[in-house]
Amino acid sequence: MTVTLVTGANKGLGFETARRLVAEGHTVYAAARNADNARRAATELGALPLVLDVTEDASVQAAAARVAEAHGVLDVLVNNAGINGSGQKPLDETTAADMATVLDTNVVGIVRVLHAFLPLLRRSDNGVVVNVGSGLGSFGRVHDPERAESRVPNLLPYPVSKAAVSMLTVQYARAFPELRVNVVDPGPTATDLNRRQGPQTVEQGASAIVEAALISADGPTGVFLDAEGSSPW
């Protein structure tokens, strides 16, 4: 039995990722910030509901305790929960509070979750962590005039947070070589996060995430993956 946790699993890429992993035979915890959303998603998915707010230490610790009590191990963690924050605010209108809100969810939230669940992941024979990143956080992508990311208007909180997720991934991968810890760019997908403006469906966007979640114990770690195989940092 492969025990898997997907944060932000009540909609969008998280929901589709959880659905695909359930189909792969995983025992999936569909995590959401409130109990109603977690129950609804779990019922639709054939998964287990889990209340987990990545911005609250107590919520994350309680979620980890529940998984520990039920299974004693976690095999796959998909850190999908994230926010766009100030949306399309221009840089000269973006405040420190805007930055702090997004970083607390998209970056510090991953650290909260990993801190709580690392002991369970390290008990697995094949512990896997997938951090959902973005091409907007790739220095290589945003400097490549052939890529759409280079033509996105200058924004601050979201791209900066996703660039931080990439470095966070590298550091955890180096610190815990027995785990497979990677960051994945799902590509521009139509979700609530971008007001459904992306050209990809959630089915298309989730594919790279699912592939990384299914990686074997001898697979790569500390790499930036996308639908094409790998992404420049």
# chains A, B, ... in the order shown; residues from 1 in each chain; ligands from 1

call {"tool": "select_by_dssp", "arguments": {"residues": "segment 112-224 of chain A", "states": "strand (DSSP E)", "output": "list of chain:residue names"}}
result
A:Val128, A:Val129, A:Val130, A:Asn131, A:Val132, A:Arg180, A:Val181, A:Asn182, A:Val183, A:Val184, A:Phe224

call {"tool": "residues_around", "arguments": {"residues": "Val3 of chain A", "least_positions_apart": "2", "cutoff": "10 Å", "atoms": "only C-alpha atoms", "output": "list in words"}}
result
Met1, Leu5, Gly25, His26, Thr27, Val28, Tyr29, Val67, His71, Gly72, Val73, Leu74, Asp75, Val76, Leu77, Leu121, Ser124 and Gly127 of chain A

call {"tool": "closest_residue", "arguments": {"among": "A:Met99, A:Val181, A:Leu91, A:Ala58", "to": "Arg112 of chain A", "atoms": "only C-alpha atoms"}}
result
A:Ala58

call {"tool": "residues_around", "arguments": {"residues": "Arg147 of chain A", "least_positions_apart": "4", "cutoff": "12 Å", "atoms": "only C-alpha atoms", "output": "list in words"}}
result
Gly135, Leu136, Ser138, Phe139, Gly140, Arg141, Val142, His143, Arg151, Val152, Gly187, Pro188, Ser231 and Pro232 of chain A

call {"tool": "residues_around", "arguments": {"residues": "Tyr158 of chain A", "least_positions_apart": "6", "cutoff": "12 Å", "atoms": "only C-alpha atoms", "output": "ChimeraX atom specification"}}
result
/A:82-89,91,94,98-107,133-138,164-165,193-194

call {"tool": "residues_around", "arguments": {"residues": "segment 166-168 of chain A", "least_positions_apart": "5", "cutoff": "10 Å", "atoms": "only C-alpha atoms", "output": "PyMOL selection string"}}
result
chain A and resi 107-108+110-111+131-134+137-138+161+173+181-184+222-224+233

call {"tool": "select_by_dssp", "arguments": {"residues": "segment 146-181 of chain A", "states": "alpha helix (DSSP H)", "output": "list in words"}}
result
Pro157, Tyr158, Pro159, Val160, Ser161, Lys162, Ala163, Ala164, Val165, Ser166, Met167, Leu168, Thr169, Val170, Gln171, Tyr172, Ala173, Arg174 and Ala175 of chain A

call {"tool": "write_last_selection", "arguments": {"atoms": "N, CA and C atoms", "output": "tab-separated table (two decimals), in the first residue's frame"}}
result
chain	number	residue	atom	x	y	z
A	157	PRO	N	4.95	38.67	-6.12
A	157	PRO	CA	4.81	37.61	-5.11
A	157	PRO	C	4.83	36.20	-5.67
A	158	TYR	N	4.02	35.91	-6.66
A	158	TYR	CA	3.92	34.52	-7.13
A	158	TYR	C	5.20	34.01	-7.77
A	159	PRO	N	5.78	34.72	-8.77
A	159	PRO	CA	7.03	34.22	-9.36
A	159	PRO	C	8.16	34.09	-8.35
A	160	VAL	N	8.27	35.06	-7.45
A	160	VAL	CA	9.33	35.01	-6.44
A	160	VAL	C	9.13	33.79	-5.54
A	161	SER	N	7.89	33.54	-5.15
A	161	SER	CA	7.62	32.39	-4.28
A	161	SER	C	7.98	31.09	-4.97
A	162	LYS	N	7.70	30.98	-6.28
A	162	LYS	CA	8.00	29.74	-6.98
A	162	LYS	C	9.50	29.57	-7.23
A	163	ALA	N	10.21	30.67	-7.40
A	163	ALA	CA	11.67	30.57	-7.48
A	163	ALA	C	12.22	30.07	-6.15
A	164	ALA	N	11.65	30.52	-5.06
A	164	ALA	CA	12.08	30.06	-3.74
A	164	ALA	C	11.78	28.58	-3.54
A	165	VAL	N	10.66	28.12	-4.07
A	165	VAL	CA	10.32	26.69	-3.97
A	165	VAL	C	11.38	25.84	-4.66
A	166	SER	N	11.93	26.32	-5.75
A	166	SER	CA	12.98	25.57	-6.44
A	166	SER	C	14.21	25.40	-5.57
A	167	MET	N	14.68	26.48	-4.94
A	167	MET	CA	15.86	26.37	-4.08
A	167	MET	C	15.54	25.54	-2.84
A	168	LEU	N	14.34	25.70	-2.31
A	168	LEU	CA	13.93	24.88	-1.17
A	168	LEU	C	14.02	23.40	-1.53
A	169	THR	N	13.58	23.07	-2.73
A	169	THR	CA	13.62	21.67	-3.19
A	169	THR	C	15.05	21.15	-3.23
A	170	VAL	N	15.95	21.94	-3.78
A	170	VAL	CA	17.35	21.52	-3.87
A	170	VAL	C	17.93	21.27	-2.48
A	171	GLN	N	17.63	22.14	-1.54
A	171	GLN	CA	18.19	22.00	-0.20
A	171	GLN	C	17.67	20.74	0.50
A	172	TYR	N	16.38	20.46	0.39
A	172	TYR	CA	15.83	19.24	1.00
A	172	TYR	C	16.37	17.99	0.31
A	173	ALA	N	16.52	18.05	-1.01
A	173	ALA	CA	17.06	16.89	-1.73
A	173	ALA	C	18.48	16.58	-1.28
A	174	ARG	N	19.29	17.61	-1.07
A	174	ARG	CA	20.66	17.41	-0.63
A	174	ARG	C	20.72	16.91	0.81
A	175	ALA	N	19.81	17.40	1.64
A	175	ALA	CA	19.83	17.03	3.05
A	175	ALA	C	19.32	15.62	3.30

call {"tool": "atom_distance", "arguments": {"atom1": "atom CA of Ser59 of chain A", "atom2": "atom CA of Arg39 of chain A"}}
result
16.0 Å

call {"tool": "closest_residue", "arguments": {"among": "A:Ala68, A:Ala97, A:Val130, A:Ala81", "to": "Phe117 of chain A", "atoms": "only C-alpha atoms"}}
result
A:Ala68

call {"tool": "atom_distance", "arguments": {"atom1": "atom CA of Asn154 of chain A", "atom2": "atom CA of Glu228 of chain A"}}
result
25.1 Å

call {"tool": "atom_distance", "arguments": {"atom1": "atom CA of Arg180 of chain A", "atom2": "atom CA of Ala41 of chain A"}}
result
26.8 Å

call {"tool": "residues_around", "arguments": {"residues": "Ala116 of chain A", "least_positions_apart": "2", "cutoff": "10 Å", "atoms": "only C-alpha atoms", "output": "short mmCIF file (atom, residue, chain, number, x, y, z; two decimals) with N, CA, C and O atoms, in the first residue's frame"}}
result
data_model
loop_
_atom_site.label_atom_id
_atom_site.label_comp_id
_atom_site.auth_asym_id
_atom_site.auth_seq_id
_atom_site.Cartn_x
_atom_site.Cartn_y
_atom_site.Cartn_z
N ASP A 57 0.49 26.13 11.97
CA ASP A 57 1.30 25.06 12.55
C ASP A 57 0.45 23.97 13.19
O ASP A 57 0.71 22.78 13.00
N VAL A 60 -1.22 21.67 10.64
CA VAL A 60 -0.27 20.77 9.98
C VAL A 60 0.17 19.66 10.94
O VAL A 60 0.22 18.48 10.57
N GLN A 61 0.45 20.03 12.18
CA GLN A 61 0.87 19.02 13.16
C GLN A 61 -0.24 18.01 13.44
O GLN A 61 0.02 16.80 13.56
N ALA A 62 -1.48 18.48 13.49
CA ALA A 62 -2.61 17.58 13.73
C ALA A 62 -2.79 16.62 12.55
O ALA A 62 -3.09 15.43 12.74
N ALA A 63 -2.60 17.12 11.35
CA ALA A 63 -2.71 16.28 10.16
C ALA A 63 -1.63 15.20 10.16
O ALA A 63 -1.89 14.04 9.86
N ALA A 64 -0.41 15.58 10.52
CA ALA A 64 0.68 14.61 10.57
C ALA A 64 0.42 13.55 11.62
O ALA A 64 0.69 12.35 11.42
N ALA A 65 -0.12 13.97 12.76
CA ALA A 65 -0.43 13.01 13.82
C ALA A 65 -1.49 12.02 13.38
O ALA A 65 -1.42 10.82 13.71
N ILE A 110 5.23 25.03 2.70
CA ILE A 110 5.90 23.77 2.35
C ILE A 110 6.86 23.36 3.46
O ILE A 110 6.94 22.17 3.82
N VAL A 111 7.55 24.33 4.05
CA VAL A 111 8.47 24.01 5.14
C VAL A 111 7.68 23.46 6.34
O VAL A 111 8.09 22.48 6.98
N ARG A 112 6.53 24.07 6.65
CA ARG A 112 5.70 23.56 7.74
C ARG A 112 5.33 22.10 7.51
O ARG A 112 5.41 21.26 8.39
N VAL A 113 4.87 21.83 6.29
CA VAL A 113 4.41 20.47 5.97
C VAL A 113 5.57 19.49 6.00
O VAL A 113 5.46 18.39 6.57
N LEU A 114 6.69 19.85 5.40
CA LEU A 114 7.83 18.95 5.39
C LEU A 114 8.37 18.71 6.80
O LEU A 114 8.73 17.59 7.16
N LEU A 118 8.31 14.84 7.55
CA LEU A 118 9.59 14.21 7.24
C LEU A 118 9.82 12.89 8.00
O LEU A 118 10.29 11.91 7.40
N PRO A 119 9.51 12.82 9.30
CA PRO A 119 9.71 11.54 9.99
C PRO A 119 8.93 10.39 9.35
O PRO A 119 9.44 9.26 9.28
N LEU A 120 7.73 10.67 8.87
CA LEU A 120 6.92 9.63 8.22
C LEU A 120 7.47 9.29 6.84
O LEU A 120 7.50 8.12 6.44
N LEU A 121 7.93 10.29 6.10
CA LEU A 121 8.51 10.05 4.78
C LEU A 121 9.78 9.23 4.89
O LEU A 121 10.05 8.36 4.05
#

call {"tool": "residues_around", "arguments": {"residues": "Val22 of chain A", "least_positions_apart": "4", "cutoff": "12 Å", "atoms": "only C-alpha atoms", "output": "list in words"}}
result
Met1, Thr2, Val3, Thr4, Leu5, Val6, Phe15, Glu16, Thr17, Ala18, His26, Thr27, Val28, Tyr29, Ala30, Ala42, Thr43, Glu44, Leu45, Gly46, Ala47, Leu48, Val210, Ala213 and Leu214 of chain A
